[in-house]
Amino acid sequence: MFSIYKKELRSYYCSPFAYVIAALFMLIFSITFITGLSNLEGHQYKFSFSNVFYNNFFFFIFLIPALTMRTFADERKSGTEVLLMTSPLNVFQIVIAKFLAVATVFLSMMLITLFFPLLTMLTGEVMWSSLVCGYVGFFLWGLVCIAIGMLMSSFTESPIIAAILSEGAMVILIFIDNFKNSGLFESLPKVAQIIGAFSTEERFAGFSQGLFGVADLIFFITATVLFVGLCIISIEKRRWSRG
């Protein structure tokens, strides 16, 4: 399993791909950070990442699919899927290795953004509870998106289609609150309540306020495990169909 993990990391870091995504990631965060500073009326900036994360949710869904779209679709397109499926490793180990590799790339991108709170410490006050919880919440939300992206990549041999499917699924997760509050469900409050239970943005709200909720933590972990499990089932089905 570790061999696949290393192979996946090399595929990202031995090409310009991961660096381009990381640069875009930093660019988005930089713009949001600078915009927040320019809107201040006082002279002291109390750093809170809640607004930064919320403002980056929509842009973020264009970056995660770029990381996950090739995980399985590219293997199928290039014909290396047969070698992967006939390796001594089982499907669970293959999927987990790929998931951990993408999660590592994502984590490294988030660590780079620590530049912003460190910069804030020079002239302002850092709200550590909000900062730490914001990072944890955003990372957990990113893991859910990675799992979704890998699931979509397992459905097709086209990385582009995998990216489009992933973005569509992530848009639904982000705007599920707007969907449940639409006129369509005004007369169905119970249905709206059930739909709202799957809102990742609502779950992240507690983290952004510096509150570490066990229920929210369980939600993100459960959602990640669910989509990773579905990805394993999807790959396993293909493996058995090949005989």
# chains A, B, ... in the order shown; residues from 1 in each chain; ligands from 1
$ residues_around --residues "Gly137 in chain A" --least-positions-apart "4" --cutoff "8 Å" --atoms "only C-alpha atoms" --output "count of residues only"
5
$ select_by_dssp --residues "range 70-234 of chain A" --states "helix (DSSP H, G or I)" --output "MDAnalysis selection string"
chainID A and resid 73:78 81:85 91:112 115:123 128:153 159:174 176:180 183:185 189:196 200:208 214:234
$ write_last_selection --atoms "C-alpha atoms" --output "tab-separated table (two decimals), in the first residue's frame"
chain	number	residue	atom	x	y	z
A	73	ALA	CA	-10.03	7.72	-14.58
A	74	ASP	CA	-6.45	8.24	-15.77
A	75	GLU	CA	-5.53	4.66	-14.80
A	76	ARG	CA	-8.37	3.36	-16.94
A	77	LYS	CA	-7.63	5.70	-19.82
A	78	SER	CA	-3.92	4.83	-19.96
A	81	GLU	CA	-5.84	-0.10	-14.37
A	82	VAL	CA	-5.37	-3.76	-15.35
A	83	LEU	CA	-1.93	-3.83	-13.75
A	84	LEU	CA	-3.31	-2.10	-10.66
A	85	MET	CA	-6.24	-4.50	-10.31
A	91	VAL	CA	-9.07	-2.80	-3.58
A	92	PHE	CA	-9.35	-1.39	-0.07
A	93	GLN	CA	-5.60	-0.85	0.12
A	94	ILE	CA	-5.46	0.70	-3.35
A	95	VAL	CA	-8.26	3.19	-2.65
A	96	ILE	CA	-6.93	4.12	0.80
A	97	ALA	CA	-3.42	4.66	-0.58
A	98	LYS	CA	-4.71	6.99	-3.28
A	99	PHE	CA	-6.96	8.79	-0.80
A	100	LEU	CA	-4.09	9.37	1.63
A	101	ALA	CA	-1.89	10.66	-1.19
A	102	VAL	CA	-4.44	13.27	-2.28
A	103	ALA	CA	-5.14	14.16	1.37
A	104	THR	CA	-1.39	14.69	1.89
A	105	VAL	CA	-1.22	17.07	-1.07
A	106	PHE	CA	-4.25	18.94	0.24
A	107	LEU	CA	-2.76	19.15	3.74
A	108	SER	CA	0.51	20.53	2.37
A	109	MET	CA	-1.45	23.22	0.54
A	110	MET	CA	-3.23	24.18	3.76
A	111	LEU	CA	0.05	24.33	5.69
A	112	ILE	CA	1.35	26.92	3.23
A	115	PHE	CA	1.79	32.27	6.35
A	116	PHE	CA	-1.28	34.48	6.76
A	117	PRO	CA	-1.91	34.04	10.51
A	118	LEU	CA	1.84	34.25	11.14
A	119	LEU	CA	1.88	37.54	9.25
A	120	THR	CA	-1.11	38.73	11.27
A	121	MET	CA	0.72	38.02	14.53
A	122	LEU	CA	3.26	40.74	13.66
A	123	THR	CA	0.72	43.56	13.79
A	128	TRP	CA	-6.43	30.93	18.06
A	129	SER	CA	-9.60	29.00	18.87
A	130	SER	CA	-11.29	30.18	15.69
A	131	LEU	CA	-8.11	29.69	13.67
A	132	VAL	CA	-7.41	26.11	14.78
A	133	CYS	CA	-11.03	25.01	14.56
A	134	GLY	CA	-11.35	26.71	11.17
A	135	TYR	CA	-8.37	24.79	9.83
A	136	VAL	CA	-9.64	21.50	11.25
A	137	GLY	CA	-13.13	22.06	9.86
A	138	PHE	CA	-11.87	23.07	6.43
A	139	PHE	CA	-9.54	20.07	6.29
A	140	LEU	CA	-12.37	17.71	7.22
A	141	TRP	CA	-14.60	19.32	4.61
A	142	GLY	CA	-11.78	18.87	2.10
A	143	LEU	CA	-11.53	15.16	2.94
A	144	VAL	CA	-15.23	14.75	2.12
A	145	CYS	CA	-14.67	16.47	-1.23
A	146	ILE	CA	-11.63	14.30	-1.96
A	147	ALA	CA	-13.67	11.16	-1.27
A	148	ILE	CA	-16.43	12.43	-3.58
A	149	GLY	CA	-13.93	13.29	-6.30
A	150	MET	CA	-12.36	9.84	-6.17
A	151	LEU	CA	-15.79	8.21	-6.33
A	152	MET	CA	-16.64	10.19	-9.46
A	153	SER	CA	-13.26	9.32	-10.97
A	159	PRO	CA	-10.63	12.85	-16.12
A	160	ILE	CA	-12.56	15.85	-17.48
A	161	ILE	CA	-15.93	14.15	-16.98
A	162	ALA	CA	-14.80	13.04	-13.51
A	163	ALA	CA	-13.95	16.66	-12.66
A	164	ILE	CA	-17.32	17.92	-13.93
A	165	LEU	CA	-19.22	15.29	-11.94
A	166	SER	CA	-17.21	16.11	-8.83
A	167	GLU	CA	-17.86	19.82	-9.16
A	168	GLY	CA	-21.58	19.17	-9.58
A	169	ALA	CA	-21.70	17.05	-6.43
A	170	MET	CA	-19.75	19.65	-4.45
A	171	VAL	CA	-21.99	22.48	-5.63
A	172	ILE	CA	-24.97	20.53	-4.29
A	173	LEU	CA	-23.22	20.12	-0.91
A	174	ILE	CA	-22.43	23.84	-0.71
A	176	ILE	CA	-27.96	22.47	-0.03
A	177	ASP	CA	-29.06	25.09	2.53
A	178	ASN	CA	-30.46	27.28	-0.26
A	179	PHE	CA	-32.13	24.23	-1.73
A	180	LYS	CA	-33.90	23.24	1.49
A	183	GLY	CA	-40.27	27.36	-2.06
A	184	LEU	CA	-40.28	23.74	-3.17
A	185	PHE	CA	-40.03	22.55	0.44
A	189	PRO	CA	-40.64	20.98	6.66
A	190	LYS	CA	-39.70	17.42	7.60
A	191	VAL	CA	-38.13	16.81	4.21
A	192	ALA	CA	-36.30	20.14	4.42
A	193	GLN	CA	-34.99	19.16	7.84
A	194	ILE	CA	-33.67	15.85	6.51
A	195	ILE	CA	-31.99	17.58	3.56
A	196	GLY	CA	-30.46	20.16	5.90
A	200	THR	CA	-21.55	20.67	5.05
A	201	GLU	CA	-21.64	24.46	5.28
A	202	GLU	CA	-23.89	24.34	8.34
A	203	ARG	CA	-21.59	21.77	9.95
A	204	PHE	CA	-18.58	23.98	9.29
A	205	ALA	CA	-20.24	26.98	10.95
A	206	GLY	CA	-19.40	25.67	14.41
A	207	PHE	CA	-15.73	25.16	13.53
A	208	SER	CA	-15.50	28.68	12.08
A	214	VAL	CA	-18.40	16.23	18.33
A	215	ALA	CA	-21.53	15.85	16.20
A	216	ASP	CA	-19.97	17.92	13.41
A	217	LEU	CA	-16.74	15.93	13.63
A	218	ILE	CA	-18.66	12.66	13.40
A	219	PHE	CA	-20.62	14.00	10.41
A	220	PHE	CA	-17.49	14.81	8.38
A	221	ILE	CA	-15.77	11.55	9.29
A	222	THR	CA	-18.91	9.53	8.49
A	223	ALA	CA	-19.39	11.31	5.16
A	224	THR	CA	-15.75	10.69	4.22
A	225	VAL	CA	-15.95	7.00	5.16
A	226	LEU	CA	-19.23	6.67	3.24
A	227	PHE	CA	-17.87	8.06	-0.03
A	228	VAL	CA	-14.58	6.19	0.30
A	229	GLY	CA	-16.60	3.03	0.90
A	230	LEU	CA	-18.71	3.68	-2.20
A	231	CYS	CA	-15.50	4.19	-4.18
A	232	ILE	CA	-14.19	0.85	-2.96
A	233	ILE	CA	-17.46	-0.83	-3.98
A	234	SER	CA	-17.30	0.83	-7.42
$ closest_residue --among "A:Pro88, A:Ser154, A:Phe198, A:Leu67" --to "Tyr13 in chain A" --atoms "only C-alpha atoms"
A:Leu67
$ atom_distance --atom1 "CA of Leu211 in chain A" --atom2 "CA of Glu125 in chain A"
18.7 Å
$ select_by_dssp --residues "chain A" --states "strand (DSSP E or B)" --output "PyMOL selection string"
chain A and resi 46-47+125-126
$ atom_distance --atom1 "CA of Phe59 in chain A" --atom2 "CA of Ile34 in chain A"
16.3 Å
$ atom_distance --atom1 "CA of Phe62 in chain A" --atom2 "CA of Ile21 in chain A"
9.8 Å
